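First comes the structure, then the notes that go with it.
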Amino acid sequence: MADQRVLDRITAWQAAGLIDGVTADRLRIAEASVPVDAAMGTAEAGLAAGGANAGVTSMIGSIFGPSPAVSELFAYLGAGFVLAAWHVLVASWRSPIYASDGFSRTPDYLAIALEWGIPVVVLGVIGWVLARSGDRQRRAAGVLFAAATIQVYGAILQGVQDVDFRWQMVLATAGTAVAAAVFRLRYASLVTQATLLSALLLLASAAIGWLEVQIFGAPAERYGRGPGDPLLHELLGAAWWLGWAIAFGVLAWRETRAAAWPARSPDLRETGEGAAARRRADLTRFAAGMTAVGGVASSLAFGDRFNPDVLAPWIGDLAVLGVSAVLLALAARAAPAYLYPAALGVIIALTSLNTVYVAEQTGIGIALLVEGVILLGAGFAADRLRRRLARDRATPEVAPA
């Protein structure tokens, strides 16, 4: 399996004029022909020669920066305990204020500002400064920005307690998404990218709960579905999550454009900015695929099979398989990151069919056997596709002389 870092160096050498195009193509083909077992053997040899830090830690360092030092790990752990102690001390310093009914709380904005606002400012300022420093400092900045984003969520959630809980969740998640976007613009990393994607997913989940009430009316139970056509509920839910998956795909495309910029300059490519942008793009593509598969599965495949007003489970399972087919096509044409959500979608759809239809006709034993075959087959097929996609991506088409 080709190592992307080696391919990047070959491209940089070619752009710098150190090797010609034919030699570069031969090197790429040679790198793509290295079997996966040989690559694993090289990693194991490095582990044996250099100790524990030469294997797993070097792999982690290639993704998140340099290998974490012991002092750095203890710094993260100590900061976490300090932050938890701050929340406990502030919460115990001021007693909660209750409304006249004796049950609902009245927001204590001073306590909220002390408990949540001060950590947001402190963490944000420190992360803002560290984002301009070395690799380990920038990694700490991403962690601090993620922690500050969580503090923003807690502050807004406590500050808007006097509204409907659905609208409360929308306001809290919207503010969290804005904070995550600001921190992501300040410093681009896997941590800030993952924080932004998580905040957007929380916003999407809260927003659809609020929109369903506006469209169909309030449900009889607190967390149930409102009145209205249940089939329309399912279809709108699937369309909602597919829309968010497309939005994540657009974000991945923007990261791909950022990854293409360093390719125009060998100096920038050697700094690793292009590789970092590609990792962020792959993470965003993975989130897009998981959102599409999970959204369609939760909206259509996991419905009530005994309710004649909703889609039959097999129709929802076919829809999940259709989404998986689209993701497989994207994996072949765009990036292999779509392969894993596609494989998961196939497993979910076949497992649902096995649970709903096979288990009732044949019993638990046969259903378990079928489930094992599904998992083994899906895992084997996904691994073969992954290897083929990696080989096709690394091997260029060499024009005949």
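Naming works like this for the structure tokens: A, B, ... for the chains as they're shown, residue 1 at the start of each chain, ligands 1 onward in shown order.
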
Skipping near chain neighbours, those fewer than 3 positions away, what residues fall within 6 Å of stretch 199-215 of chain A using only C-alpha atoms, listed as a list of chain:residue names?
-> A:Arg166, A:Met169, A:Val170, A:Thr173, A:Ala174, A:Ala177, A:Leu196, A:Ala218

Can you tell me, as a compact mmCIF listing (two decimals) with all heavy atoms, in the first residue's frame, what residues are no more than 6 Å from stretch 284-297 of chain A when counting only C-alpha atoms, ignoring any on the same chain fewer than 5 positions away?
```txt
# COMPACT_ATOMS: atom_id res chain seq x y z
N ALA A 238 -35.46 12.08 6.50
CA ALA A 238 -34.40 11.59 5.61
C ALA A 238 -33.85 12.71 4.74
O ALA A 238 -32.63 12.82 4.54
CB ALA A 238 -34.95 10.45 4.74
N TRP A 241 -31.46 15.06 6.81
CA TRP A 241 -30.11 14.57 7.07
C TRP A 241 -29.30 14.43 5.79
O TRP A 241 -28.08 14.62 5.80
CB TRP A 241 -30.18 13.23 7.80
CG TRP A 241 -30.65 13.39 9.21
CD1 TRP A 241 -31.83 12.97 9.75
CD2 TRP A 241 -29.95 14.04 10.28
NE1 TRP A 241 -31.92 13.32 11.06
CE2 TRP A 241 -30.77 13.98 11.42
CE3 TRP A 241 -28.72 14.67 10.37
CZ2 TRP A 241 -30.39 14.52 12.64
CZ3 TRP A 241 -28.34 15.21 11.59
CH2 TRP A 241 -29.17 15.13 12.70
N LEU A 242 -29.96 14.13 4.68
CA LEU A 242 -29.23 14.11 3.42
C LEU A 242 -28.74 15.51 3.05
O LEU A 242 -27.65 15.68 2.49
CB LEU A 242 -30.11 13.55 2.30
CG LEU A 242 -30.36 12.04 2.33
CD1 LEU A 242 -31.33 11.64 1.24
CD2 LEU A 242 -29.05 11.28 2.19
N ALA A 245 -25.70 16.10 5.03
CA ALA A 245 -24.58 15.33 4.48
C ALA A 245 -23.99 16.03 3.26
O ALA A 245 -22.76 16.08 3.08
CB ALA A 245 -25.06 13.92 4.10
N PHE A 248 -21.86 18.89 4.48
CA PHE A 248 -20.54 18.42 4.91
C PHE A 248 -19.66 18.07 3.72
O PHE A 248 -18.44 18.27 3.75
CB PHE A 248 -20.69 17.20 5.82
CG PHE A 248 -21.25 17.53 7.18
CD1 PHE A 248 -21.86 16.56 7.95
CD2 PHE A 248 -21.16 18.81 7.69
CE1 PHE A 248 -22.37 16.86 9.20
CE2 PHE A 248 -21.67 19.12 8.94
CZ PHE A 248 -22.27 18.15 9.70
N GLY A 249 -20.28 17.54 2.65
CA GLY A 249 -19.51 17.27 1.45
C GLY A 249 -18.94 18.54 0.84
O GLY A 249 -17.81 18.55 0.32
N ALA A 252 -15.97 19.47 2.84
CA ALA A 252 -14.83 18.63 2.44
C ALA A 252 -14.22 19.12 1.14
O ALA A 252 -12.99 19.10 0.96
CB ALA A 252 -15.28 17.18 2.32
N ALA A 337 -12.32 7.87 1.83
CA ALA A 337 -12.95 8.09 3.13
C ALA A 337 -14.43 7.75 3.11
O ALA A 337 -15.02 7.47 4.16
CB ALA A 337 -12.75 9.54 3.56
N TYR A 338 -15.05 7.78 1.93
CA TYR A 338 -16.47 7.43 1.84
C TYR A 338 -16.69 5.92 1.91
O TYR A 338 -17.84 5.47 2.03
CB TYR A 338 -17.06 7.94 0.52
CG TYR A 338 -17.19 9.44 0.44
CD1 TYR A 338 -16.41 10.18 -0.43
CD2 TYR A 338 -18.10 10.11 1.24
CE1 TYR A 338 -16.53 11.55 -0.51
CE2 TYR A 338 -18.23 11.49 1.18
CZ TYR A 338 -17.44 12.21 0.30
OH TYR A 338 -17.56 13.57 0.23
N PRO A 341 -18.22 4.60 5.67
CA PRO A 341 -19.67 4.78 5.86
C PRO A 341 -20.50 3.91 4.92
O PRO A 341 -21.57 3.43 5.30
CB PRO A 341 -19.88 6.27 5.59
CG PRO A 341 -18.55 6.90 5.82
CD PRO A 341 -17.55 5.89 5.39
N GLY A 345 -23.25 1.24 6.05
CA GLY A 345 -24.62 1.28 5.55
C GLY A 345 -25.08 -0.08 5.06
O GLY A 345 -26.23 -0.49 5.29
```

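Separating atom CA of A:Leu318 from atom CA of A:Phe302 is a distance of 12.1 Å.
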
Closest atom pairs, stretch 144-175 of chain A residues within 12 Å of stretch 82-89 of chain A, only C-alpha atoms, as CSV:
```
residue,atom,partner,partner_atom,distance
A:Leu144,CA,A:Leu83,CA,11.3
A:Ala147,CA,A:Leu83,CA,9.6
A:Ala148,CA,A:Leu83,CA,10.7
A:Ile150,CA,A:Leu83,CA,11.8
A:Gln151,CA,A:Leu83,CA,10.2
A:Gly154,CA,A:His87,CA,11.0
A:Ala155,CA,A:His87,CA,11.6
```

Next, the residues of the selection above should be written as a short mmCIF file (atom, residue, chain, number, x, y, z; two decimals), in the first residue's frame with N, CA, C and O atoms.
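File written: selection_35.cif
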```cif
data_model
loop_
_atom_site.label_atom_id
_atom_site.label_comp_id
_atom_site.auth_asym_id
_atom_site.auth_seq_id
_atom_site.Cartn_x
_atom_site.Cartn_y
_atom_site.Cartn_z
N LEU A 144 -7.63 23.20 23.62
CA LEU A 144 -8.22 24.29 24.40
C LEU A 144 -9.43 24.88 23.69
O LEU A 144 -10.43 25.23 24.34
N ALA A 147 -12.33 22.55 24.30
CA ALA A 147 -12.86 22.71 25.67
C ALA A 147 -13.64 24.01 25.81
O ALA A 147 -14.70 24.04 26.47
N ALA A 148 -13.16 25.08 25.19
CA ALA A 148 -13.88 26.35 25.25
C ALA A 148 -15.23 26.25 24.55
O ALA A 148 -16.22 26.85 25.00
N ILE A 150 -17.14 23.61 24.41
CA ILE A 150 -18.05 22.93 25.34
C ILE A 150 -18.54 23.89 26.41
O ILE A 150 -19.72 23.85 26.82
N GLN A 151 -17.69 24.79 26.87
CA GLN A 151 -18.10 25.76 27.87
C GLN A 151 -19.15 26.72 27.31
O GLN A 151 -20.07 27.14 28.03
N GLY A 154 -22.51 24.96 27.54
CA GLY A 154 -23.06 24.97 28.89
C GLY A 154 -23.57 26.33 29.31
O GLY A 154 -24.61 26.44 29.98
N ALA A 155 -22.87 27.40 28.91
CA ALA A 155 -23.29 28.74 29.29
C ALA A 155 -24.63 29.10 28.67
O ALA A 155 -25.54 29.60 29.35
#
```

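Here the question is which of A:Ala239, A:Ala179, A:Ala140, A:Ala359 gets nearest to A:Gly127 using only C-alpha atoms, and that residue is A:Ala140.
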
Atom CA of A:Ile112 to atom CA of A:Ala172, straight-line distance in Å | 13.7 Å

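Among the candidate residues A:Leu185, A:Val152, A:Ser67, A:Gln161, the one lying nearest to A:Asp108 is A:Gln161, with distances computed using only C-alpha atoms.
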
In Å to one decimal, how far is atom CA of A:Ala329 from atom CA of A:Arg387?
-> 15.4 Å

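The residue set within 8 Å of A:Leu328, counting only C-alpha atoms and dropping same-chain residues fewer than 4 places from it, reads Ser324, Ala332, Tyr338, Leu339 and Ala342 of chain A.
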
Let me see the file: selected residues, all heavy atoms, as an mmCIF file, in the first residue's frame.
```cif
data_model
loop_
_atom_site.group_PDB
_atom_site.id
_atom_site.type_symbol
_atom_site.label_atom_id
_atom_site.label_comp_id
_atom_site.auth_asym_id
_atom_site.auth_seq_id
_atom_site.Cartn_x
_atom_site.Cartn_y
_atom_site.Cartn_z
ATOM 1 N N SER A 324 -25.531 3.819 0.303
ATOM 2 C CA SER A 324 -24.224 3.158 0.322
ATOM 3 C C SER A 324 -23.643 3.044 -1.081
ATOM 4 O O SER A 324 -22.426 3.190 -1.279
ATOM 5 C CB SER A 324 -24.338 1.773 0.962
ATOM 6 O OG SER A 324 -24.753 1.867 2.311
ATOM 7 N N ALA A 332 -14.795 5.717 -5.103
ATOM 8 C CA ALA A 332 -14.012 5.365 -6.283
ATOM 9 C C ALA A 332 -13.560 6.590 -7.063
ATOM 10 O O ALA A 332 -12.479 6.605 -7.646
ATOM 11 C CB ALA A 332 -14.824 4.437 -7.189
ATOM 12 N N TYR A 338 -15.053 7.782 1.933
ATOM 13 C CA TYR A 338 -16.468 7.426 1.835
ATOM 14 C C TYR A 338 -16.692 5.916 1.913
ATOM 15 O O TYR A 338 -17.842 5.471 2.028
ATOM 16 C CB TYR A 338 -17.058 7.937 0.517
ATOM 17 C CG TYR A 338 -17.187 9.439 0.442
ATOM 18 C CD1 TYR A 338 -16.411 10.175 -0.430
ATOM 19 C CD2 TYR A 338 -18.101 10.112 1.244
ATOM 20 C CE1 TYR A 338 -16.532 11.555 -0.509
ATOM 21 C CE2 TYR A 338 -18.227 11.486 1.179
ATOM 22 C CZ TYR A 338 -17.438 12.212 0.297
ATOM 23 O OH TYR A 338 -17.555 13.571 0.229
ATOM 24 N N LEU A 339 -15.623 5.124 1.834
ATOM 25 C CA LEU A 339 -15.787 3.672 1.811
ATOM 26 C C LEU A 339 -16.323 3.138 3.131
ATOM 27 O O LEU A 339 -17.189 2.259 3.146
ATOM 28 C CB LEU A 339 -14.444 3.020 1.470
ATOM 29 C CG LEU A 339 -14.399 1.491 1.500
ATOM 30 C CD1 LEU A 339 -15.360 0.911 0.471
ATOM 31 C CD2 LEU A 339 -12.980 1.001 1.243
ATOM 32 N N ALA A 342 -20.005 3.712 3.682
ATOM 33 C CA ALA A 342 -20.736 2.855 2.750
ATOM 34 C C ALA A 342 -20.804 1.427 3.266
ATOM 35 O O ALA A 342 -21.861 0.780 3.215
ATOM 36 C CB ALA A 342 -20.069 2.904 1.378
#
```

Tell me which protein, DNA and RNA residues are within 10 Å of A:Phe145, counting only C-alpha atoms, leaving out same-chain ones fewer than 6 positions away, and put them as a list in words.
-> Val120, Leu123, Gly124, Val125, Ile126, Gly127, Trp128, Ala131, Gln151, Ala179, Ala180, Val182, Phe183, Arg184, Arg186, Tyr187, Val191, Thr192 and Thr195 of chain A

File dump, residues just selected, N, CA, C and O atoms, as a tab-separated table (two decimals), in the first residue's frame:
```tsv
chain	number	residue	atom	x	y	z
A	120	VAL	N	-14.42	30.11	29.25
A	120	VAL	CA	-14.42	30.38	27.80
A	120	VAL	C	-13.35	31.41	27.45
A	120	VAL	O	-12.57	31.23	26.51
A	123	LEU	N	-9.64	29.90	28.32
A	123	LEU	CA	-9.24	28.87	27.36
A	123	LEU	C	-9.08	29.43	25.96
A	123	LEU	O	-8.14	29.08	25.23
A	124	GLY	N	-10.00	30.32	25.58
A	124	GLY	CA	-9.91	30.89	24.25
A	124	GLY	C	-8.67	31.76	24.06
A	124	GLY	O	-8.00	31.70	23.03
A	125	VAL	N	-8.36	32.59	25.05
A	125	VAL	CA	-7.19	33.48	24.94
A	125	VAL	C	-5.90	32.68	24.91
A	125	VAL	O	-5.00	32.92	24.09
A	126	ILE	N	-5.78	31.68	25.80
A	126	ILE	CA	-4.57	30.87	25.81
A	126	ILE	C	-4.42	30.10	24.49
A	126	ILE	O	-3.32	30.04	23.90
A	127	GLY	N	-5.51	29.52	24.02
A	127	GLY	CA	-5.44	28.83	22.74
A	127	GLY	C	-5.12	29.76	21.59
A	127	GLY	O	-4.38	29.39	20.66
A	128	TRP	N	-5.66	30.98	21.63
A	128	TRP	CA	-5.39	31.96	20.58
A	128	TRP	C	-3.90	32.29	20.52
A	128	TRP	O	-3.33	32.45	19.44
A	131	ALA	N	-1.73	29.16	19.31
A	131	ALA	CA	-1.89	28.82	17.90
A	131	ALA	C	-0.80	29.43	17.03
A	131	ALA	O	-0.64	29.04	15.87
A	151	GLN	N	-17.69	24.79	26.87
A	151	GLN	CA	-18.10	25.76	27.87
A	151	GLN	C	-19.15	26.72	27.31
A	151	GLN	O	-20.07	27.14	28.03
A	179	ALA	N	-19.22	29.38	17.91
A	179	ALA	CA	-17.93	29.39	18.61
A	179	ALA	C	-16.95	28.41	17.96
A	179	ALA	O	-15.76	28.73	17.77
A	180	ALA	N	-17.42	27.22	17.59
A	180	ALA	CA	-16.55	26.25	16.94
A	180	ALA	C	-16.05	26.75	15.59
A	180	ALA	O	-14.89	26.52	15.22
A	182	VAL	N	-15.60	29.94	14.77
A	182	VAL	CA	-14.60	30.99	15.03
A	182	VAL	C	-13.25	30.37	15.37
A	182	VAL	O	-12.20	30.77	14.85
A	183	PHE	N	-13.26	29.37	16.24
A	183	PHE	CA	-12.00	28.72	16.62
A	183	PHE	C	-11.39	27.98	15.43
A	183	PHE	O	-10.16	27.94	15.29
A	184	ARG	N	-12.23	27.39	14.60
A	184	ARG	CA	-11.72	26.70	13.41
A	184	ARG	C	-11.08	27.69	12.44
A	184	ARG	O	-10.05	27.39	11.81
A	186	ARG	N	-9.63	30.40	13.31
A	186	ARG	CA	-8.37	30.85	13.92
A	186	ARG	C	-7.27	29.82	13.73
A	186	ARG	O	-6.13	30.17	13.45
A	187	TYR	N	-7.61	28.54	13.89
A	187	TYR	CA	-6.60	27.50	13.78
A	187	TYR	C	-7.23	26.26	13.17
A	187	TYR	O	-8.20	25.71	13.70
A	191	VAL	N	-8.57	18.52	15.38
A	191	VAL	CA	-9.38	18.69	16.59
A	191	VAL	C	-10.43	19.78	16.38
A	191	VAL	O	-11.61	19.59	16.69
A	192	THR	N	-10.02	20.93	15.86
A	192	THR	CA	-11.00	22.01	15.64
A	192	THR	C	-12.00	21.63	14.54
A	192	THR	O	-13.17	22.01	14.61
A	195	THR	N	-14.45	19.28	16.17
A	195	THR	CA	-15.32	20.05	17.06
A	195	THR	C	-16.40	20.77	16.27
A	195	THR	O	-17.57	20.79	16.66
```

Taking the DSSP assignment computed from this structure's backbone, write out as a PyMOL selection string all residues of stretch 113-288 of chain A that belong to helix (DSSP H, G or I).
-> chain A and resi 113-130+135-159+165-186+190-216+230-260+262-264+266-270+273-288
